[in-house]
Amino acid sequence: MIEKFKESFREEAAELLNNLEATLLELEEDPSNMDTISSIFRTMHTIKGSSAMFGFDEISHFTHEIESIMDLLREGVFVADRKFIDLTLRSRDLISLMFTDTGAEVHASAEALVAEFKNHSAERIADRTREREAASELPARSAASPGIMLATADPTPVSQLAPAKECFHIRFVPGADVFRNGTKPLLLLDELRSLGDITLEPLTKSIPNLSAIDPESCYVAWDISLTTDKGEDAIRDVFIFVEDSSEILIEREMPGGDSDDLEGVEIKRIGDILVERGITTLDRIESVAGSQKKLGEILVSEKIATPEQVKSALDEQNQLRKLKESRQQDLSTASIRVASEKLDGLVDLVGELVTLQARLNQTSSNLHDAGLSVISEQFERLVSQLRDNTMSIRMLPIGSTFSKFRRLLRDLASDLGKEIDLVTSGAETELDKTVIERLGDPLVHIIRNSVDHGVELPAQREALGKPRKGTVTLSATHSGAHVLIEVTDDGGGLDTDRILAKAIERGIIAEGVVLTEQELFQLIFAPGFSTSQIVTKVSGRGVGMDVVKREIDALGGIVTVASRKGEGTTISLRIPLTLAIIEGLLVRVGNENYVIPLASVDGCIEIQDRRRMGQGDGRHMLDYRNEILPYVGIRELYNVAGEPPTIEQIVVVNANDARIGFVVDQVVGDYQTVIKPLGRMFKSADGLSGATILGDGTVALIVDVNRLGLVAQQEEMLRLKNDGAPVSEAV
């Protein structure tokens, strides 16, 4: 049993150590930030106490020594410098190692690191003392000089500085002519909904008889209970354009605070809420309170309050109760740990349910049974919700991966004598956890390549008129059913002449071959390719970028490169959001079924007598929404047997940041697709990312629109070469 708890603690400690690394890098940028220092101290204190509890005495003793030095830093005795950050990062790495290795060598490393820590802190304290003494000798400077950090009390923990949730009651009575000026009250309510947890009760008492209704007048009002951490000003901003023409009442029912503040707080009773709103009086409430019936029922039967008013009061009471319970809930129980194997098993079961639902839907359509159709529709809706919820559990922000690269870039730049900042954006972009896990190695190699080959040495940058400190930018954005990850550096860019010469030297291409710029850039991903003159511990063996290409291809993604000499390089990874279940558009070509990811589909159009018009093969153009749209037949690309119908369909998709059309025989409709991997026999099939099982048991191939777009372009270039046309016209 104790081993089970130890394993759980190891997992928690790994998270703490990852957070510690990120916090230390933040401290390096702002050494005087007391919130950051306190966070580091608390992390060390937590690891020390928990380690002792679970029998990791060596870790507890070592962390206690580091914590003591951290306490001096927290009290302002000295200020952290780069050497101090280096030592603390090494301590973090050693603590991580101690969970798996407790040998004599690790023990000796711990003692040596503690001694080095103490010596450095003693030097920093001595330097600080000399600064104070020098400052005290200057009469023009006060004892509390801005250049000296004075000891301060332990600041409020960061978690306590976060805004607390509050409960508000809002009465919104729109003006009768609110529709005439173009205002839509429902949009205002949707905006309120985005602020937090909300319940709405429409007040319909003012609605007249149908014969007296003016369609352009508003007769409905709303009682609203809102729990939010955005504050009252955010609520008032929602109504800023209608406050002059509407009646708006905002009352704070429960202020912010922690769980200790709420120990003695009682949830308001229904009667109290109705009295506060002026609907009834306390005397009338007390006069009916002795009955056996519920108070709300009595108030409605006595016509003291309307059903809507009682329902609104109940909603507010529930909001207050939920807010109190959520504040009193221990933060440690806000989430639970689930083994990834269990989560993968859940996704597999949901996938089977999706396939079963497709079979039920197919059977229902064939039998034309109304009762079965209703069951099928309800089942489809529930399976869809279950699928979305399950997939959302697997989705993680990619920032959890981004944060790991700060340390990598810092240490690598230091080893190479370079000064580089890492800038990240889009850390909140979510990806399937299995995709994130497999992105680690490719991103490591790309960043190492940018630091080593891209960004110049500080002296070189100054000579070129650039800032001494280079920048590597790591960004992520959603792009349809994919996530676009870009690694950009402001270095020297790719040397195309050198890449071409090296490729010819290694026999990757023949001399005299004409390549497009993108084809030339793609050479850096060839196995064993490197333009480095010497082999170092960072580069020179031609392994890293080959790993990038192989891993991204395995994920069904695409790697592209953009570079300008002297300005920098951008390597872009277009990765599918998930590898499990997607929404797809089912199409048919001959007797074959294909699924196109629905998020990539822009539209569908018809085309008649393509062969009669001389457009039976290759890539052609047509007008689509006042733009020239290139299109290609899937029948020709995959040599599907049979003659095409007279009227064909073109599915327009967004592929590689451009529109392209795929010609199919028939568009069947949307389809929830459970992605199954292709067997070894089909691994070399370009433009296919997997397969799925349809409701009738047949197999449909899933189209990778980005890769198929590239395949179509290559086919067109080959056709033009064979026809004698210039290759440049194909691009």
# chains A, B, ... in the order shown; residues from 1 in each chain; ligands from 1
$ residues_around --residues "A:Leu622" --least-positions-apart "6" --cutoff "10 Å" --atoms "only C-alpha atoms" --output "count of residues only"
6
$ closest_residue --among "A:Gly669, A:Cys167, A:Ile581, A:Leu515" --to "A:Glu232" --atoms "only C-alpha atoms"
A:Cys167
$ select_by_dssp --residues "stretch 280-514 of chain A" --states "strand (DSSP E or B)" --output "number ranges by chain"
A: 395-397, 420-425, 430-432, 470-479, 482-489
$ write_last_selection --atoms "C-alpha atoms" --output "PDB file, in the first residue's frame"
ATOM      1  CA  MET A 395      -7.003  17.748 -24.951  1.00  0.00           C
ATOM      2  CA  LEU A 396      -4.154  19.564 -23.198  1.00  0.00           C
ATOM      3  CA  PRO A 397      -2.738  23.059 -23.715  1.00  0.00           C
ATOM      4  CA  ILE A 420      18.989  34.258 -27.085  1.00  0.00           C
ATOM      5  CA  ASP A 421      15.473  34.922 -25.796  1.00  0.00           C
ATOM      6  CA  LEU A 422      12.646  32.426 -26.233  1.00  0.00           C
ATOM      7  CA  VAL A 423       9.292  34.063 -27.010  1.00  0.00           C
ATOM      8  CA  THR A 424       6.160  31.900 -26.929  1.00  0.00           C
ATOM      9  CA  SER A 425       2.598  32.581 -28.061  1.00  0.00           C
ATOM     10  CA  GLU A 430      -5.099  22.600 -27.155  1.00  0.00           C
ATOM     11  CA  LEU A 431      -3.972  19.335 -28.731  1.00  0.00           C
ATOM     12  CA  ASP A 432      -4.651  15.669 -28.103  1.00  0.00           C
ATOM     13  CA  GLY A 470      18.772  36.900 -30.771  1.00  0.00           C
ATOM     14  CA  THR A 471      15.201  35.679 -30.582  1.00  0.00           C
ATOM     15  CA  VAL A 472      13.614  32.277 -31.154  1.00  0.00           C
ATOM     16  CA  THR A 473       9.817  32.429 -31.334  1.00  0.00           C
ATOM     17  CA  LEU A 474       7.657  29.380 -30.643  1.00  0.00           C
ATOM     18  CA  SER A 475       3.985  29.838 -31.554  1.00  0.00           C
ATOM     19  CA  ALA A 476       0.853  27.700 -31.943  1.00  0.00           C
ATOM     20  CA  THR A 477      -2.487  28.534 -33.569  1.00  0.00           C
ATOM     21  CA  HIS A 478      -5.554  26.552 -34.595  1.00  0.00           C
ATOM     22  CA  SER A 479      -6.012  26.086 -38.333  1.00  0.00           C
ATOM     23  CA  HIS A 482      -5.002  21.142 -37.472  1.00  0.00           C
ATOM     24  CA  VAL A 483      -2.679  23.089 -35.220  1.00  0.00           C
ATOM     25  CA  LEU A 484       0.022  25.178 -36.860  1.00  0.00           C
ATOM     26  CA  ILE A 485       3.228  25.262 -34.796  1.00  0.00           C
ATOM     27  CA  GLU A 486       5.991  27.608 -35.960  1.00  0.00           C
ATOM     28  CA  VAL A 487       9.581  27.949 -34.756  1.00  0.00           C
ATOM     29  CA  THR A 488      11.094  31.205 -36.016  1.00  0.00           C
ATOM     30  CA  ASP A 489      14.579  32.593 -35.470  1.00  0.00           C
TER      31      ASP A 489
END
$ residues_around --residues "A:His61" --least-positions-apart "4" --cutoff "10 Å" --atoms "only C-alpha atoms" --output "PyMOL selection string"
chain A and resi 48-49+51-52+56-57+65-67+110
$ closest_residue --among "A:Asn626, A:Ser194, A:Thr63, A:Ser450" --to "A:Ser563" --atoms "only C-alpha atoms"
A:Ser450
$ select_by_dssp --residues "stretch 26-209 of chain A" --states "helix (DSSP H, G or I)" --output "PyMOL selection string"
chain A and resi 26-29+34-53+57-74+82-98+104-136+158-161+185-193
$ residues_around --residues "A:Pro644" --least-positions-apart "2" --cutoff "9 Å" --atoms "only C-alpha atoms" --output "ChimeraX atom specification"
/A:589-590,610-611,635,642,646-648,664-665
$ closest_residue --among "A:Asp71, A:Asp177, A:Glu26, A:Asp696" --to "A:Ser365" --atoms "only C-alpha atoms"
A:Asp696
$ residues_around --residues "A:Ala503" --least-positions-apart "6" --cutoff "8 Å" --atoms "only C-alpha atoms" --output "count of residues only"
3
$ residues_around --residues "stretch 32-34 of chain A" --least-positions-apart "2" --cutoff "8 Å" --atoms "only C-alpha atoms" --output "PyMOL selection string"
chain A and resi 27+30+36-38+74+79-80+155
$ write_last_selection --atoms "N, CA and C atoms" --output "PDB file, in the first residue's frame"
ATOM      1  N   LEU A  27      12.302  33.945 -12.502  1.00  0.00           N
ATOM      2  CA  LEU A  27      13.080  34.711 -11.522  1.00  0.00           C
ATOM      3  C   LEU A  27      14.331  35.297 -12.156  1.00  0.00           C
ATOM      4  N   ASP A  30      13.395  38.509 -13.656  1.00  0.00           N
ATOM      5  CA  ASP A  30      13.016  39.540 -12.686  1.00  0.00           C
ATOM      6  C   ASP A  30      13.459  39.093 -11.291  1.00  0.00           C
ATOM      7  N   THR A  36       7.496  35.522  -7.079  1.00  0.00           N
ATOM      8  CA  THR A  36       8.206  34.392  -7.671  1.00  0.00           C
ATOM      9  C   THR A  36       9.108  33.715  -6.652  1.00  0.00           C
ATOM     10  N   ILE A  37       9.813  34.503  -5.850  1.00  0.00           N
ATOM     11  CA  ILE A  37      10.697  33.945  -4.826  1.00  0.00           C
ATOM     12  C   ILE A  37       9.892  33.129  -3.817  1.00  0.00           C
ATOM     13  N   SER A  38       8.764  33.654  -3.402  1.00  0.00           N
ATOM     14  CA  SER A  38       7.920  32.940  -2.434  1.00  0.00           C
ATOM     15  C   SER A  38       7.385  31.645  -3.028  1.00  0.00           C
ATOM     16  N   ARG A  74      14.481  35.003   0.294  1.00  0.00           N
ATOM     17  CA  ARG A  74      13.137  35.518   0.523  1.00  0.00           C
ATOM     18  C   ARG A  74      13.150  36.702   1.476  1.00  0.00           C
ATOM     19  N   VAL A  79      20.332  39.117  -3.514  1.00  0.00           N
ATOM     20  CA  VAL A  79      19.503  39.042  -4.715  1.00  0.00           C
ATOM     21  C   VAL A  79      20.041  37.937  -5.614  1.00  0.00           C
ATOM     22  N   ALA A  80      19.138  37.182  -6.219  1.00  0.00           N
ATOM     23  CA  ALA A  80      19.544  36.074  -7.082  1.00  0.00           C
ATOM     24  C   ALA A  80      20.259  36.591  -8.321  1.00  0.00           C
ATOM     25  N   PRO A 155       5.289  37.747   1.303  1.00  0.00           N
ATOM     26  CA  PRO A 155       4.100  38.323   0.666  1.00  0.00           C
ATOM     27  C   PRO A 155       2.954  37.332   0.613  1.00  0.00           C
TER      28      PRO A 155
END
$ residues_around --residues "A:Glu11" --least-positions-apart "6" --cutoff "12 Å" --atoms "only C-alpha atoms" --output "ChimeraX atom specification"
/A:4-5,17-18,47,96,99,337-339
$ closest_atom_pairs --of "stretch 486-601 of chain A" --to "stretch 455-469 of chain A" --cutoff "9 Å" --atoms "only C-alpha atoms" --output "JSON lines"
{"residue": "A:Asp489", "atom": "CA", "partner": "A:Val455", "partner_atom": "CA", "distance": 6.6}
{"residue": "A:Asp490", "atom": "CA", "partner": "A:Val455", "partner_atom": "CA", "distance": 6.4}
{"residue": "A:Gly491", "atom": "CA", "partner": "A:Val455", "partner_atom": "CA", "distance": 4.0}
{"residue": "A:Gly492", "atom": "CA", "partner": "A:Val455", "partner_atom": "CA", "distance": 6.5}
{"residue": "A:Gly493", "atom": "CA", "partner": "A:Val455", "partner_atom": "CA", "distance": 8.6}
{"residue": "A:Gly566", "atom": "CA", "partner": "A:Leu464", "partner_atom": "CA", "distance": 8.9}
{"residue": "A:Gly568", "atom": "CA", "partner": "A:Val455", "partner_atom": "CA", "distance": 8.0}
$ write_last_selection --atoms "C-alpha atoms" --output "PDB file, in the first residue's frame"
ATOM      1  CA  ASP A 489      14.579  32.593 -35.470  1.00  0.00           C
ATOM      2  CA  ASP A 490      16.002  35.980 -36.476  1.00  0.00           C
ATOM      3  CA  GLY A 491      19.352  34.514 -37.505  1.00  0.00           C
ATOM      4  CA  GLY A 492      21.191  34.308 -40.789  1.00  0.00           C
ATOM      5  CA  GLY A 493      18.671  32.203 -42.700  1.00  0.00           C
ATOM      6  CA  GLY A 566      20.243  37.348 -43.364  1.00  0.00           C
ATOM      7  CA  GLY A 568      15.938  34.271 -40.338  1.00  0.00           C
TER       8      GLY A 568
END
$ atom_distance --atom1 "atom CA of A:Lys205" --atom2 "atom CA of A:Pro307"
10.3 Å
$ atom_distance --atom1 "atom CA of A:Ser8" --atom2 "atom CA of A:Ser50"
11.3 Å
$ decode --residues "stretch 34-76 of chain A" --atoms "N, CA and C atoms" --output "PDB file, in the first residue's frame"
ATOM      1  N   MET A  34       9.143  39.276  -5.544  1.00  0.00           N
ATOM      2  CA  MET A  34       8.944  38.539  -4.302  1.00  0.00           C
ATOM      3  C   MET A  34       7.894  37.442  -4.450  1.00  0.00           C
ATOM      4  N   ASP A  35       6.915  37.626  -5.333  1.00  0.00           N
ATOM      5  CA  ASP A  35       5.926  36.570  -5.555  1.00  0.00           C
ATOM      6  C   ASP A  35       6.593  35.321  -6.115  1.00  0.00           C
ATOM      7  N   THR A  36       7.496  35.522  -7.079  1.00  0.00           N
ATOM      8  CA  THR A  36       8.206  34.392  -7.671  1.00  0.00           C
ATOM      9  C   THR A  36       9.108  33.715  -6.652  1.00  0.00           C
ATOM     10  N   ILE A  37       9.813  34.503  -5.850  1.00  0.00           N
ATOM     11  CA  ILE A  37      10.697  33.945  -4.826  1.00  0.00           C
ATOM     12  C   ILE A  37       9.892  33.129  -3.817  1.00  0.00           C
ATOM     13  N   SER A  38       8.764  33.654  -3.402  1.00  0.00           N
ATOM     14  CA  SER A  38       7.920  32.940  -2.434  1.00  0.00           C
ATOM     15  C   SER A  38       7.385  31.645  -3.028  1.00  0.00           C
ATOM     16  N   SER A  39       7.056  31.669  -4.311  1.00  0.00           N
ATOM     17  CA  SER A  39       6.578  30.463  -4.970  1.00  0.00           C
ATOM     18  C   SER A  39       7.654  29.381  -4.983  1.00  0.00           C
ATOM     19  N   ILE A  40       8.894  29.780  -5.268  1.00  0.00           N
ATOM     20  CA  ILE A  40      10.006  28.820  -5.259  1.00  0.00           C
ATOM     21  C   ILE A  40      10.202  28.256  -3.863  1.00  0.00           C
ATOM     22  N   PHE A  41      10.148  29.123  -2.855  1.00  0.00           N
ATOM     23  CA  PHE A  41      10.332  28.671  -1.471  1.00  0.00           C
ATOM     24  C   PHE A  41       9.243  27.683  -1.074  1.00  0.00           C
ATOM     25  N   ARG A  42       7.998  27.969  -1.444  1.00  0.00           N
ATOM     26  CA  ARG A  42       6.899  27.071  -1.085  1.00  0.00           C
ATOM     27  C   ARG A  42       7.048  25.712  -1.759  1.00  0.00           C
ATOM     28  N   THR A  43       7.514  25.724  -3.012  1.00  0.00           N
ATOM     29  CA  THR A  43       7.719  24.455  -3.717  1.00  0.00           C
ATOM     30  C   THR A  43       8.767  23.612  -3.011  1.00  0.00           C
ATOM     31  N   MET A  44       9.889  24.233  -2.654  1.00  0.00           N
ATOM     32  CA  MET A  44      10.945  23.510  -1.936  1.00  0.00           C
ATOM     33  C   MET A  44      10.423  22.984  -0.597  1.00  0.00           C
ATOM     34  N   HIS A  45       9.648  23.806   0.096  1.00  0.00           N
ATOM     35  CA  HIS A  45       9.111  23.414   1.402  1.00  0.00           C
ATOM     36  C   HIS A  45       8.162  22.223   1.256  1.00  0.00           C
ATOM     37  N   THR A  46       7.337  22.231   0.204  1.00  0.00           N
ATOM     38  CA  THR A  46       6.402  21.124  -0.028  1.00  0.00           C
ATOM     39  C   THR A  46       7.150  19.832  -0.320  1.00  0.00           C
ATOM     40  N   ILE A  47       8.172  19.914  -1.172  1.00  0.00           N
ATOM     41  CA  ILE A  47       8.950  18.716  -1.510  1.00  0.00           C
ATOM     42  C   ILE A  47       9.657  18.184  -0.272  1.00  0.00           C
ATOM     43  N   LYS A  48      10.191  19.086   0.546  1.00  0.00           N
ATOM     44  CA  LYS A  48      10.904  18.653   1.756  1.00  0.00           C
ATOM     45  C   LYS A  48       9.969  17.909   2.702  1.00  0.00           C
ATOM     46  N   GLY A  49       8.818  18.498   2.992  1.00  0.00           N
ATOM     47  CA  GLY A  49       7.897  17.879   3.945  1.00  0.00           C
ATOM     48  C   GLY A  49       7.330  16.566   3.443  1.00  0.00           C
ATOM     49  N   SER A  50       6.917  16.526   2.174  1.00  0.00           N
ATOM     50  CA  SER A  50       6.330  15.310   1.629  1.00  0.00           C
ATOM     51  C   SER A  50       7.367  14.203   1.480  1.00  0.00           C
ATOM     52  N   SER A  51       8.600  14.564   1.148  1.00  0.00           N
ATOM     53  CA  SER A  51       9.657  13.556   1.014  1.00  0.00           C
ATOM     54  C   SER A  51       9.888  12.845   2.337  1.00  0.00           C
ATOM     55  N   ALA A  52       9.926  13.607   3.411  1.00  0.00           N
ATOM     56  CA  ALA A  52      10.125  13.000   4.730  1.00  0.00           C
ATOM     57  C   ALA A  52       8.950  12.091   5.087  1.00  0.00           C
ATOM     58  N   MET A  53       7.752  12.498   4.717  1.00  0.00           N
ATOM     59  CA  MET A  53       6.561  11.717   5.042  1.00  0.00           C
ATOM     60  C   MET A  53       6.586  10.345   4.370  1.00  0.00           C
ATOM     61  N   PHE A  54       7.105  10.281   3.121  1.00  0.00           N
ATOM     62  CA  PHE A  54       7.076   9.028   2.367  1.00  0.00           C
ATOM     63  C   PHE A  54       8.412   8.291   2.384  1.00  0.00           C
ATOM     64  N   GLY A  55       9.305   8.706   3.262  1.00  0.00           N
ATOM     65  CA  GLY A  55      10.535   7.942   3.452  1.00  0.00           C
ATOM     66  C   GLY A  55      11.676   8.299   2.533  1.00  0.00           C
ATOM     67  N   PHE A  56      11.574   9.388   1.787  1.00  0.00           N
ATOM     68  CA  PHE A  56      12.688   9.827   0.938  1.00  0.00           C
ATOM     69  C   PHE A  56      13.571  10.783   1.764  1.00  0.00           C
ATOM     70  N   ASP A  57      14.265  10.217   2.733  1.00  0.00           N
ATOM     71  CA  ASP A  57      15.016  11.035   3.693  1.00  0.00           C
ATOM     72  C   ASP A  57      16.157  11.793   3.031  1.00  0.00           C
ATOM     73  N   GLU A  58      16.812  11.174   2.065  1.00  0.00           N
ATOM     74  CA  GLU A  58      17.930  11.835   1.387  1.00  0.00           C
ATOM     75  C   GLU A  58      17.450  13.109   0.679  1.00  0.00           C
ATOM     76  N   ILE A  59      16.294  13.003   0.017  1.00  0.00           N
ATOM     77  CA  ILE A  59      15.736  14.172  -0.677  1.00  0.00           C
ATOM     78  C   ILE A  59      15.328  15.234   0.334  1.00  0.00           C
ATOM     79  N   SER A  60      14.711  14.794   1.444  1.00  0.00           N
ATOM     80  CA  SER A  60      14.259  15.740   2.460  1.00  0.00           C
ATOM     81  C   SER A  60      15.432  16.518   3.052  1.00  0.00           C
ATOM     82  N   HIS A  61      16.539  15.812   3.332  1.00  0.00           N
ATOM     83  CA  HIS A  61      17.713  16.472   3.923  1.00  0.00           C
ATOM     84  C   HIS A  61      18.314  17.474   2.935  1.00  0.00           C
ATOM     85  N   PHE A  62      18.465  17.039   1.673  1.00  0.00           N
ATOM     86  CA  PHE A  62      19.058  17.913   0.661  1.00  0.00           C
ATOM     87  C   PHE A  62      18.175  19.146   0.424  1.00  0.00           C
ATOM     88  N   THR A  63      16.867  18.930   0.295  1.00  0.00           N
ATOM     89  CA  THR A  63      15.948  20.043   0.043  1.00  0.00           C
ATOM     90  C   THR A  63      15.905  21.007   1.221  1.00  0.00           C
ATOM     91  N   HIS A  64      16.073  20.478   2.444  1.00  0.00           N
ATOM     92  CA  HIS A  64      16.102  21.342   3.627  1.00  0.00           C
ATOM     93  C   HIS A  64      17.270  22.329   3.549  1.00  0.00           C
ATOM     94  N   GLU A  65      18.427  21.853   3.079  1.00  0.00           N
ATOM     95  CA  GLU A  65      19.594  22.738   2.952  1.00  0.00           C
ATOM     96  C   GLU A  65      19.321  23.842   1.923  1.00  0.00           C
ATOM     97  N   ILE A  66      18.738  23.457   0.794  1.00  0.00           N
ATOM     98  CA  ILE A  66      18.452  24.450  -0.252  1.00  0.00           C
ATOM     99  C   ILE A  66      17.376  25.420   0.219  1.00  0.00           C
ATOM    100  N   GLU A  67      16.388  24.903   0.948  1.00  0.00           N
ATOM    101  CA  GLU A  67      15.305  25.741   1.452  1.00  0.00           C
ATOM    102  C   GLU A  67      15.839  26.816   2.397  1.00  0.00           C
ATOM    103  N   SER A  68      16.824  26.458   3.223  1.00  0.00           N
ATOM    104  CA  SER A  68      17.410  27.427   4.158  1.00  0.00           C
ATOM    105  C   SER A  68      18.045  28.587   3.405  1.00  0.00           C
ATOM    106  N   ILE A  69      18.722  28.276   2.306  1.00  0.00           N
ATOM    107  CA  ILE A  69      19.329  29.342   1.504  1.00  0.00           C
ATOM    108  C   ILE A  69      18.241  30.164   0.810  1.00  0.00           C
ATOM    109  N   MET A  70      17.187  29.484   0.366  1.00  0.00           N
ATOM    110  CA  MET A  70      16.059  30.183  -0.252  1.00  0.00           C
ATOM    111  C   MET A  70      15.393  31.140   0.736  1.00  0.00           C
ATOM    112  N   ASP A  71      15.393  30.769   2.005  1.00  0.00           N
ATOM    113  CA  ASP A  71      14.791  31.625   3.026  1.00  0.00           C
ATOM    114  C   ASP A  71      15.554  32.942   3.135  1.00  0.00           C
ATOM    115  N   LEU A  72      16.898  32.887   3.000  1.00  0.00           N
ATOM    116  CA  LEU A  72      17.703  34.114   3.013  1.00  0.00           C
ATOM    117  C   LEU A  72      17.357  34.992   1.807  1.00  0.00           C
ATOM    118  N   LEU A  73      17.152  34.331   0.673  1.00  0.00           N
ATOM    119  CA  LEU A  73      16.766  35.080  -0.523  1.00  0.00           C
ATOM    120  C   LEU A  73      15.405  35.730  -0.322  1.00  0.00           C
ATOM    121  N   ARG A  74      14.481  35.003   0.294  1.00  0.00           N
ATOM    122  CA  ARG A  74      13.137  35.518   0.523  1.00  0.00           C
ATOM    123  C   ARG A  74      13.150  36.702   1.476  1.00  0.00           C
ATOM    124  N   GLU A  75      14.075  36.685   2.441  1.00  0.00           N
ATOM    125  CA  GLU A  75      14.163  37.779   3.410  1.00  0.00           C
ATOM    126  C   GLU A  75      14.921  38.982   2.871  1.00  0.00           C
ATOM    127  N   GLY A  76      15.416  38.878   1.636  1.00  0.00           N
ATOM    128  CA  GLY A  76      16.092  40.020   1.027  1.00  0.00           C
ATOM    129  C   GLY A  76      17.527  40.185   1.452  1.00  0.00           C
TER     130      GLY A  76
END
